[in-house]
Each structure stands twice: as C-alpha cells, then as structure tokens.
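Engineer: Structure incoming, see below.
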Amino acid sequence: MNSSSEYRSYGWWVEHDPNSDRTTLIIGGRIGALRMPAEFAARVHQVLAIHLQAGPVLVDGADWVLLTQPDGRVQLPEDLDEVVGVQAGARLALPPLDDPSWISPPRADRPAPSRQVVVSAARRARADAQLAMTA
C-alpha cells in the first residue's frame with residue numbers, strides 16, 4: 001500500500017502526483033490544520049498528549065502543523081496570535097508515514113482532535129509557559 005492509499009484509509013482527501021511521487025492533503029473537507037511555531041507547538045502537543053487528545057502533527061519548515069477535525073470557521077481567537085488556521089482548499093505536502101517529519105503520524109485508532117480542543121490546549125500551553133516564567 002502506498003502513502004496515498006494509507007492516507008485515504010483515514011478518510012483524508014489526498015492527491016498523488018505520479019511525476020513527483022508527492023502526496024498532498026487537501027485541507028477542509030475531511031481534515032483541518034493549525035500551523036504554529038515549533039517551540040510553541042511542542043508545548044501544545046504535550047498538553048494534548050497529557051489529556052489523551054494528541055493527533056497527527058507534521059513538521060513543515062520552522063513550524064509544526066497540527067491536524068484537526070475540519071471546522072468551517074476561518075478566524076481564530078485574537079489571543080492566539082502564534083496560531084494560524086490553514087485555509088480550506090490549501091494543499092499540504094505529506095511525507096511517507098515512516099518519515100521523521102511526522103512528530104506524531106496519523107493512526108486509525110487516534111482521530112484528529114477537534115479544532116476547539118487544540119485551541120484550548122494552546123491557551124493552556126501559553127498559560128503554563130507564562131506561569132513558569134514568573135516562578
């Protein structure tokens with residue numbers, strides 16, 4: 001089974017380009033995404049993991065992309081300026097499932113968390129960081 005087939009088995013909308021052998025995820029229909037700086041995203045991912053809500057997370061340059069359940073909202077809360085919603089229809093290059101770019105690869109038994117759960121975890125991660133700075 002190639003990567004495209006595996007990603008489709010999760011219900012994701014993906015396209016495979018046989019010329020470049022690249023698989024891209026189409027954001028919006030079946031999966032959403034939130035992008036944030038790696039250092040902050042690592043803290044958010046840790047909060048999600050503690051609460052058994054961690055989903056797929058992918059390194060993309062200096063950022064991490066946390067995959068979520070789709071959500072039609074474009075705007076994010078104003079207090080989370082380090083979190084950026086990936087627009088519906090955007091395409092995200094996906095590496096093979098065994099690639100080290102996956103901080104947490106997708107798994108059939110662990111669906112992506114809701115966008116609101118990730119937003120709440122981001123607020124918690126920020127509050128924890130601010131508390132640690134004052135201690």
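Naming works like this for the structure tokens: A, B, ... for the chains as they're shown, residue 1 at the start of each chain, ligands 1 onward in shown order.
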From the DSSP assignment of the backbone, select every residue of chain A that is helix (DSSP H, G or I), and format the answer as a ChimeraX atom specification.

Structural biologist: /A:3-9,38-50,115-134

Engineer: Filtering to N, CA and C atoms, could you give me those residues as a CSV table (one decimal), in the first residue's frame?

Structural biologist:
chain,number,residue,atom,x,y,z
A,3,SER,N,1.6,5.5,0.2
A,3,SER,CA,1.2,6.5,1.2
A,3,SER,C,-0.2,7.1,0.9
A,4,SER,N,-0.5,7.4,-0.4
A,4,SER,CA,-1.8,7.9,-0.8
A,4,SER,C,-2.9,7.0,-0.3
A,5,SER,N,-2.7,5.7,-0.6
A,5,SER,CA,-3.7,4.7,-0.1
A,5,SER,C,-3.9,4.7,1.4
A,6,GLU,N,-2.8,4.8,2.1
A,6,GLU,CA,-2.8,4.8,3.5
A,6,GLU,C,-3.6,6.0,4.0
A,7,TYR,N,-3.2,7.2,3.5
A,7,TYR,CA,-3.9,8.4,3.9
A,7,TYR,C,-5.4,8.4,3.6
A,8,ARG,N,-5.7,7.8,2.4
A,8,ARG,CA,-7.1,7.7,2.1
A,8,ARG,C,-7.9,6.8,3.0
A,9,SER,N,-7.2,5.8,3.6
A,9,SER,CA,-7.8,4.9,4.5
A,9,SER,C,-8.3,5.6,5.8
A,38,ALA,N,7.3,25.9,16.0
A,38,ALA,CA,7.7,24.6,16.5
A,38,ALA,C,7.7,24.6,18.1
A,39,GLU,N,8.4,25.5,18.6
A,39,GLU,CA,8.6,25.6,20.1
A,39,GLU,C,7.2,25.6,20.8
A,40,PHE,N,6.4,26.5,20.4
A,40,PHE,CA,5.0,26.6,21.0
A,40,PHE,C,4.2,25.4,20.7
A,41,ALA,N,4.3,24.9,19.4
A,41,ALA,CA,3.5,23.7,19.0
A,41,ALA,C,3.9,22.5,19.9
A,42,ALA,N,5.2,22.4,20.2
A,42,ALA,CA,5.6,21.2,21.1
A,42,ALA,C,4.9,21.3,22.4
A,43,ARG,N,4.8,22.5,23.0
A,43,ARG,CA,4.1,22.6,24.3
A,43,ARG,C,2.6,22.3,24.1
A,44,VAL,N,2.0,22.7,23.0
A,44,VAL,CA,0.6,22.4,22.7
A,44,VAL,C,0.4,20.9,22.6
A,45,HIS,N,1.3,20.3,21.8
A,45,HIS,CA,1.2,18.8,21.6
A,45,HIS,C,1.4,18.1,22.9
A,46,GLN,N,2.2,18.6,23.8
A,46,GLN,CA,2.4,18.0,25.1
A,46,GLN,C,1.1,18.0,26.0
A,47,VAL,N,0.4,19.2,25.9
A,47,VAL,CA,-0.8,19.3,26.7
A,47,VAL,C,-1.9,18.4,26.1
A,48,LEU,N,-1.9,18.3,24.8
A,48,LEU,CA,-2.9,17.3,24.1
A,48,LEU,C,-2.6,15.9,24.5
A,49,ALA,N,-1.3,15.5,24.5
A,49,ALA,CA,-0.9,14.2,24.9
A,49,ALA,C,-1.3,13.8,26.3
A,50,ILE,N,-1.0,14.8,27.2
A,50,ILE,CA,-1.4,14.5,28.6
A,50,ILE,C,-2.9,14.2,28.8
A,115,ARG,N,-10.8,21.1,16.4
A,115,ARG,CA,-10.1,22.4,16.4
A,115,ARG,C,-10.2,23.1,17.7
A,116,GLN,N,-11.4,23.1,18.4
A,116,GLN,CA,-11.5,23.7,19.7
A,116,GLN,C,-10.7,23.1,20.7
A,117,VAL,N,-10.5,21.8,20.7
A,117,VAL,CA,-9.6,21.1,21.7
A,117,VAL,C,-8.2,21.6,21.5
A,118,VAL,N,-7.7,21.8,20.3
A,118,VAL,CA,-6.4,22.3,20.0
A,118,VAL,C,-6.2,23.7,20.5
A,119,VAL,N,-7.2,24.5,20.2
A,119,VAL,CA,-7.2,25.9,20.6
A,119,VAL,C,-7.2,26.0,22.2
A,120,SER,N,-7.9,25.2,22.8
A,120,SER,CA,-7.9,25.2,24.3
A,120,SER,C,-6.5,24.7,24.8
A,121,ALA,N,-5.9,23.7,24.2
A,121,ALA,CA,-4.6,23.3,24.5
A,121,ALA,C,-3.6,24.4,24.3
A,122,ALA,N,-3.7,25.2,23.3
A,122,ALA,CA,-2.8,26.3,23.0
A,122,ALA,C,-2.9,27.3,24.1
A,123,ARG,N,-4.1,27.6,24.5
A,123,ARG,CA,-4.3,28.5,25.7
A,123,ARG,C,-3.6,28.0,26.9
A,124,ARG,N,-3.8,26.7,27.2
A,124,ARG,CA,-3.2,26.1,28.4
A,124,ARG,C,-1.7,26.1,28.3
A,125,ALA,N,-1.1,25.8,27.1
A,125,ALA,CA,0.3,25.8,26.9
A,125,ALA,C,0.9,27.2,27.2
A,126,ARG,N,0.2,28.2,26.7
A,126,ARG,CA,0.6,29.6,26.9
A,126,ARG,C,0.6,29.9,28.4
A,127,ALA,N,-0.5,29.6,29.0
A,127,ALA,CA,-0.6,29.9,30.5
A,127,ALA,C,0.4,29.2,31.3
A,128,ASP,N,0.7,28.0,30.9
A,128,ASP,CA,1.8,27.2,31.6
A,128,ASP,C,3.1,27.9,31.4
A,129,ALA,N,3.4,28.3,30.2
A,129,ALA,CA,4.7,29.0,29.9
A,129,ALA,C,4.8,30.3,30.7
A,130,GLN,N,3.7,31.0,30.7
A,130,GLN,CA,3.8,32.3,31.5
A,130,GLN,C,4.0,32.1,33.0
A,131,LEU,N,3.3,31.0,33.5
A,131,LEU,CA,3.5,30.7,34.9
A,131,LEU,C,4.9,30.3,35.2
A,132,ALA,N,5.5,29.5,34.3
A,132,ALA,CA,6.9,29.1,34.5
A,132,ALA,C,7.9,30.3,34.5
A,133,MET,N,7.6,31.3,33.7
A,133,MET,CA,8.4,32.5,33.6
A,133,MET,C,8.4,33.3,34.9
A,134,THR,N,7.2,33.3,35.6
A,134,THR,CA,7.1,34.1,36.8
A,134,THR,C,7.6,33.3,38.0

Engineer: Would you return as a count of residues only the members of segment 3-133 of chain A that DSSP assigns to strand (DSSP E or B) on this structure's backbone?

Structural biologist: 36

Engineer: Set the distance at 12 Å and use only C-alpha atoms: which residues neighbour Pro106 of chain A once local chain neighbours fewer than 5 positions away are removed? I'd like the list as a list in words.

Structural biologist: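 What passes the distance filter is Ser3, Glu6, Tyr7, Arg8, Ser9, Tyr10, Gly11, Trp12, Ile31, Ala54, Gly55, Pro56, Val57, Leu58, Leu66, Leu67, Thr68, Leu94, Pro95, Pro96, Leu97, Asp98, Asp99, Pro111, Ala112 and Pro113 of chain A.
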
Engineer: When you count only C-alpha atoms, which of these residues is closest to Arg35 of chain A: A:Gly61, A:Pro100, A:Pro105, A:Gly85?

Structural biologist: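 Between A:Gly61, A:Pro100, A:Pro105, A:Gly85, the residue approaching Arg35 of chain A most closely is A:Gly85.
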
Engineer: Go through A:Ile26, A:Leu52, A:Ile103, A:Ala33 one by one, measure the shortest atom-to-atom distance of each to Pro70 of chain A using only C-alpha atoms, and give the residue with the smallest value.

Structural biologist: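 Of the candidates, the smallest distance to Pro70 of chain A is held by A:Ala33.
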
Engineer: For each of A:Val14, A:Ala88, A:Met36, A:Val59, take the minimum atom-to-atom distance to Gly72 of chain A, counting only C-alpha atoms, then give the residue where this is smallest.

Structural biologist: A:Ala88
